[in-house]
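Asks: Just passing along the structure, written as structure tokens.
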Amino acid sequence: MNLKESKVFVRDDIDLPTFDRDGTAAQTFRSVIRVKEISLTNADDKEIWDYRFTYSVGLRLILSGEVEESKKDNYKPIIEIVGVFEAKYFSQTKLKEEERQAFSVANVGYHVWPYWREYVQSSCARIGLSPVLEVPVYIMPRDEEKSEKELQVQDG
């Protein structure tokens, strides 16, 4: 597991040590954004497959009254933490597209999640936010048709 990209942002007008979180909401997203497939040969001259799944995940804190405004491209949240991780897997067989998709939905997010939780916690400590923003345990998507890309909003 590797962190490929990251972003931590705190809005200029926010003083974190005195900031009251009442009236805030959390927005989150998560998604596999790319799958790279590489054919390799092992020491026995057998073909193996290296799969690299790029997983993008983010969390931001907004004022509850700014939910509509937060959909605009130029919106600046109170706090935003984003990470892009690369999860690597090896297979002795080449996966079909539907198999890669199923693996993306059922496994990649679950495997990335502990790294994401640690990244959020350490980032909050570095920016002086206490208590840290909570990242709940990973919950498997219930419906494979539902995209993980949907933005989730939760009252803070």
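Labeling convention for the structure tokens: chains A, B, ... as they appear, residues from 1 per chain, ligands from 1 in order of appearance.
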Give the helix (DSSP H, G or I) residues of chain A, as DSSP finds them on the backbone, and put them as a ChimeraX atom specification.

Replies: /A:16-18,64-66,69-71,97-127

Asks: Report as JSON lines: every residue of segment 63-137 of chain A with an atom at most 12 Å from segment 34-37 of chain A, its closest pair of atoms, and their distance in Å to one decimal, counting only C-alpha atoms, with rows sorted by chain and ascending residue number.

Replies:
```
{"residue": "A:Val84", "atom": "CA", "partner": "A:Arg34", "partner_atom": "CA", "distance": 10.7}
{"residue": "A:Phe85", "atom": "CA", "partner": "A:Arg34", "partner_atom": "CA", "distance": 10.6}
{"residue": "A:Glu86", "atom": "CA", "partner": "A:Arg34", "partner_atom": "CA", "distance": 9.3}
{"residue": "A:Ala87", "atom": "CA", "partner": "A:Val35", "partner_atom": "CA", "distance": 9.6}
{"residue": "A:Lys88", "atom": "CA", "partner": "A:Lys36", "partner_atom": "CA", "distance": 9.5}
{"residue": "A:Tyr89", "atom": "CA", "partner": "A:Glu37", "partner_atom": "CA", "distance": 9.8}
{"residue": "A:Phe90", "atom": "CA", "partner": "A:Glu37", "partner_atom": "CA", "distance": 9.8}
{"residue": "A:Ser91", "atom": "CA", "partner": "A:Glu37", "partner_atom": "CA", "distance": 10.3}
{"residue": "A:Thr93", "atom": "CA", "partner": "A:Glu37", "partner_atom": "CA", "distance": 11.5}
{"residue": "A:Lys94", "atom": "CA", "partner": "A:Glu37", "partner_atom": "CA", "distance": 8.8}
{"residue": "A:Leu95", "atom": "CA", "partner": "A:Glu37", "partner_atom": "CA", "distance": 9.1}
{"residue": "A:Lys96", "atom": "CA", "partner": "A:Glu37", "partner_atom": "CA", "distance": 10.9}
{"residue": "A:Glu97", "atom": "CA", "partner": "A:Val35", "partner_atom": "CA", "distance": 10.1}
{"residue": "A:Glu99", "atom": "CA", "partner": "A:Val35", "partner_atom": "CA", "distance": 11.8}
{"residue": "A:Arg100", "atom": "CA", "partner": "A:Val35", "partner_atom": "CA", "distance": 8.0}
{"residue": "A:Gln101", "atom": "CA", "partner": "A:Val35", "partner_atom": "CA", "distance": 9.2}
{"residue": "A:Phe103", "atom": "CA", "partner": "A:Val35", "partner_atom": "CA", "distance": 10.7}
{"residue": "A:Ser104", "atom": "CA", "partner": "A:Val35", "partner_atom": "CA", "distance": 8.7}
{"residue": "A:Val108", "atom": "CA", "partner": "A:Val35", "partner_atom": "CA", "distance": 10.7}
```

Asks: Select, from A:Pro17, A:Pro136, A:Trp113, A:Asn107, the residue with the minimum atom-to-atom distance to Phe53 of chain A, counting only C-alpha atoms.

Replies: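 Closest to Phe53 of chain A, using only C-alpha atoms: A:Asn107.
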
Asks: If DSSP is run on the backbone, what residues of segment 11-155 of chain A are strand (DSSP E)? A reply as a PyMOL selection string would be ideal.

Replies: chain A and resi 24-41+47-63+79-91+152-155

Asks: Tell me, in Å to one decimal, how far atom CA of Asp22 of chain A is from atom CA of Ile81 of chain A.

Replies: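 Value for the atom CA of Asp22 of chain A-atom CA of Ile81 of chain A distance: 19.6 Å.
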
Asks: I'd like the contact shell of Gly65 of chain A - 9 Å cut-off, only C-alpha atoms, skipping same-chain residues fewer than 5 positions apart - returned as number ranges by chain.

Replies: A: 23-25
